[in-house]
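Notes follow the structure.
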Amino acid sequence: MVIPFRFSRRTVTLWCLLAGSMLTGHPVWAAGDEGREQTAKGQMARSGQPDGKADIRKKSVGKDRQQADAPPVETILVKARRREQMEVKLGGQAGVLGNKKGLDLPFNLRSYTSSMILNQQSQTLGQVLQNDPSVRTTYGFGNFSETFIIRGMPVYGDDVAINGLYGISPRQLISPQLYDSVQVLNGASAFINGAAPGGTSVGGNINLQFKHAGSEPLARLTGDYTSRGQGGGSLDVGRRFGRNDQFGIRFNAAGMDGQTSISGERRHSVALGLDTDWHNDDTRISLDINYQNQNVQQGRGSVVLNSGLTAVPRPTRPGRNWSQGWSYEDMHYVFGLLNVEHDLNSHVMLYGTFGGMTGHEEGNYDTVYVSDGLKGTGFGYGSYVPYQQTNESTRGGVRAHFRTGFLKHEVNAGGSALWSEASTGYAGGMVGDTSLYAPGVQAKPASVHHVSATPATKTQLYSLFFSDTMSFWHDRIALTGGFRYQHILQNSYQYTPTHYSRDAITPVVGLVVHVARHASLYFNRVEGLNQGLQAPARSSLYPNLVNAQQFLSPTRTVQYEVGGKYDIGRFSASLAFYRLDRPTGLVEDYGTEQIFKASGRQRNQGIELNVNGEIIHGLRFNGGSALIQAKQVKGNYVGNRAVGIPGYTINGNLEYDIPFVKGLTLTGRVTHTGHQWVNVQNSLRIPNWTTYDLGARYTFMMTPKRPMTFRFGVENLTNSHYWASSYTAFSSVNGYLTQGLPRTFKASFSTDM
């Protein structure tokens with residue numbers, strides 16, 4: 001199959017110019033908003049990259065000493081064990097504000113490191129985020145894309161950022177092996193990252209950071225196995241070279257193939273990443289080029305509940321598969337990022353980033369619609385959907401530090417832009433009667449045939465931003481104020497052609513008070529922004545709708561949040577109280593006619609607690625709890641809880657180093673989710689559920705200089721039967737059910753070469 005990857009002439013020109021700037025060391029423009037905490041010394045935001053002039057000199061001197069006096073075997077073993085430890089950090093890459101410590105941010109931001117991804121053998125981004133107590137993962141409607149729920153609001157795969165930039169991540173499933181950290185920002189973030197192209201990320205944001213070469217050479221080989229018959233592995237190689245380790249290169253290759261723990265379901269994936277960087281005293285440049293393929297054969301999808309149900313069907317046997325053998329999904333993506341930073345002087349840094357993604361997806365989808373909840377019977381519907389997309393995204397600006405009297409200022413100013421073109425097609429038809437508990441074998445309908453993808457949408461997002469963080473009283477108090485002007489333009493060409501061109505200004509106010517050296521309190525008032533709601537088409541229900549299928553102005557989600565943080569390095573904790581108000585659509589009387597307005601309102605408010613780090617020597621914990629009340633406060637069904645949003649979630653993840661067996665670590669995880677309503681009338685719900693995971697890893701020296709780690713784990717130890725989610729992207733219809741995975745065994749080994 002020929003994959004129609006393509007970039008526009010603008011993309012090719014920019015890549016050529018900027019690649020040339022990397023080779024010569026003279027930037028075409030200064031780029032990369034993951035600046036430094038202190039711009040003055042030009043630190044890189046990514047983990048593993050040089051951290052400024054002082055650190056570079058230390059590494060250069062330390063390297064000669066290490067070569068002269070090689071560390072003993074015991075030291076190598078200790079380093080290998082520490083590298084494998086579960087680690088979650090407060091803070092990370094905060095969009096236009098740059099790289100920040102958690103205590104200095106008026107937001108709730110956490111970073112999950114690559115060691116967790118490796119140790120848990122995570123194959124998708126959703127499996128990484130199972131560690132976060134405030135995030136739950138479900139599937140998209142009718143396919144296998146992962147959707148993440150943060151503070152009761154969705155984050156689509158389209159709206160996952162990479163290095164703070166939207167539009168360049170794979171759209172449906174993301175292979176986590178390419179990334180050094182997965183960062184979760186709880187709360188609205190229209191100022192920090194701009195409006196997301198997919199229209200989500202209004203209750204939270206997910207940002208990925210590419211791997212780059214660290215100060216120590218790395219060559220690690222990993223092999224893994226997942227029941228029932230998935231095998232795979234990865235290669236991770238990193239080196240720095242040149243004077244003062246100016247050049248760095250990191251190569252990652254990961255793949256897996258075979259049958260999953262669900263009967264008949266097979267998954268295949270390939271991920272390749274080449275990440276390079278270069279620096280001198282004033283300039284830092286990095287270039288990341290990546291490829292990803294994900295393939296799902298006979299994947300068990302979600303279950304759609306038809307209206308009129310009087311009962312929710314019971315979960316099936318955990319490993320049962322109700323999908324047909326002809327169903328599949330195949331996804332290919334090429335994506336990359338060029339980042340440049342340049343210090344004009346010790347107070348001012350210019351930065352800019354340019355990225356792109358081109359993707360090709362196609363699949364035969366088999367969706368089950370349940371009409372009788374007691375019997376689990378209904379009908380199947382098949383479809384073929386091709387999808388092609390090309391995105392280009394860029395951001396540039398300036399970060400400056402200066403004083404005015406007793407006030408310190410950090411000013412951020414700049415702009416961003418995103419261009420996206422998508423083509424798609426559709427062919428579908430009825431499969432026939434089916435049952436969740438005895439689906440049988442059914443032929444693919446003749447109407448489900450290959451069709452060509454034709455132009456569907458063209459989206460352009462432009463924004464300008466400005467902020468000033470003023471700190472005083474020896475930096476104990478910091479006040480951030482700013483705004484982002486955003487313009488959203490979209491043309492739709494299929495079905496009913498539409499044109500949308502609107503703009504909005506989203507302000508931000510944030511306050512941080514350092515009450516002690518390792519503790520701070522914070523407050524923020526910030527907004528989320530997405531494309532305005534679209535009115536429904538005229539129908540028998542809305543025969544006189546005056547603005548049928550028209551788009552309204554951009555929708556604002558307003559957030560107020562207050563919280564506190566504690567961080568001593570090896571241990572951290574955070575507590576947050578928040579309220580989010582989001583407009584919803586209503587059809588109202590308009591004289592003798594009807595009109596669609598964004599006059600409804602859903603309110604999500606809650607409490608979040610996160611605890612991470614070493615409790616006592618050798619015992620580490622990651623987890624916490626999130627309480628949320630999500631209900632309609634204006635419009636239809638006032639007072640009812642929102643569909644698919646649990647009232648509470650609890651996570652607990654433990655690691656314990658056995659003191660009397662050197663190198664042995666035991667692991668365990670508990671995940672609990674409260675009940676979820678299935679319909680807007682709040683007459684049907686799925687019960688709460690709990691899963692238990694157990695595991696162990698053992699690190700030892702295979703040769704005097706080569707540590708090796710073996711891992712073994714069991715997920716869903718009790719093989720629980722449960723519906724994991726009943727979320728829906730449509731506020732007026734029933735939720736669709738996603739069943740939890742069965743008991744799954746995982747084993748792997750890693751060795752440094």
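Lettering and numbering for the structure tokens are positional, with chains as A, B, ... in the shown order, residues counted from 1 in each chain, and ligands counted from 1 in the shown order.
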Find the residues around segment 273-286 of chain A up to 7 Å (only C-alpha atoms counted), leave out those fewer than 3 positions away in its own chain, and share them as a ChimeraX atom specification. /A:22,42,53,178,211-212,246-253,289-291,338-343
Determine, counting only C-alpha atoms, which protein, DNA and RNA residues have an atom within 12 Å of an atom of Gly528 of chain A; residues of the same chain fewer than 6 positions away are not included. Present the result as a PyMOL selection string. chain A and resi 153+186-196+199-205+484+486+504-508+554-560+580-583
Surrounding residues of Asn143 of chain A excluding itself and chain neighbours under 5 positions, 8 Å, only C-alpha atoms, as a PyMOL selection string: chain A and resi 301-302+329+365
Å distance separating atom CA of Tyr462 of chain A from atom CA of Gly91 of chain A, one decimal place: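 That distance, rounded to one decimal, is 26.9 Å.
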Skipping near chain neighbours, those fewer than 6 positions away, what residues fall within 9 Å of Leu221 of chain A using only C-alpha atoms, listed as a list in words?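 The residues that qualify are Gly233, Ser234, Leu235, Asp236, Val237, Phe749, Ser750, Thr751, Asp752 and Met753 of chain A.
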Go ahead and save the residues from that selection, with N, CA and C atoms, as a PDB file, in the first residue's frame.
```pdb
ATOM      1  N   GLY A 233      10.058  -5.732  21.441  1.00  0.00           N
ATOM      2  CA  GLY A 233      11.308  -5.274  22.021  1.00  0.00           C
ATOM      3  C   GLY A 233      11.616  -3.865  21.589  1.00  0.00           C
ATOM      4  N   SER A 234      12.718  -3.336  22.099  1.00  0.00           N
ATOM      5  CA  SER A 234      13.110  -1.974  21.757  1.00  0.00           C
ATOM      6  C   SER A 234      14.617  -1.829  21.856  1.00  0.00           C
ATOM      7  N   LEU A 235      15.129  -0.843  21.142  1.00  0.00           N
ATOM      8  CA  LEU A 235      16.538  -0.473  21.178  1.00  0.00           C
ATOM      9  C   LEU A 235      16.610   1.017  21.437  1.00  0.00           C
ATOM     10  N   ASP A 236      17.395   1.416  22.434  1.00  0.00           N
ATOM     11  CA  ASP A 236      17.526   2.814  22.815  1.00  0.00           C
ATOM     12  C   ASP A 236      19.013   3.144  22.903  1.00  0.00           C
ATOM     13  N   VAL A 237      19.494   4.007  21.986  1.00  0.00           N
ATOM     14  CA  VAL A 237      20.912   4.336  21.897  1.00  0.00           C
ATOM     15  C   VAL A 237      21.068   5.850  21.947  1.00  0.00           C
ATOM     16  N   PHE A 749      12.920  -8.079  29.731  1.00  0.00           N
ATOM     17  CA  PHE A 749      14.282  -7.923  30.224  1.00  0.00           C
ATOM     18  C   PHE A 749      14.908  -6.731  29.521  1.00  0.00           C
ATOM     19  N   SER A 750      15.832  -6.076  30.182  1.00  0.00           N
ATOM     20  CA  SER A 750      16.606  -4.986  29.585  1.00  0.00           C
ATOM     21  C   SER A 750      18.064  -5.169  29.958  1.00  0.00           C
ATOM     22  N   THR A 751      18.945  -4.904  28.996  1.00  0.00           N
ATOM     23  CA  THR A 751      20.370  -4.988  29.266  1.00  0.00           C
ATOM     24  C   THR A 751      21.082  -3.848  28.573  1.00  0.00           C
ATOM     25  N   ASP A 752      22.070  -3.290  29.243  1.00  0.00           N
ATOM     26  CA  ASP A 752      22.910  -2.254  28.657  1.00  0.00           C
ATOM     27  C   ASP A 752      24.070  -2.914  27.946  1.00  0.00           C
ATOM     28  N   MET A 753      24.308  -2.488  26.715  1.00  0.00           N
ATOM     29  CA  MET A 753      25.331  -3.129  25.881  1.00  0.00           C
ATOM     30  C   MET A 753      26.622  -2.307  25.896  1.00  0.00           C
TER      31      MET A 753
END
```
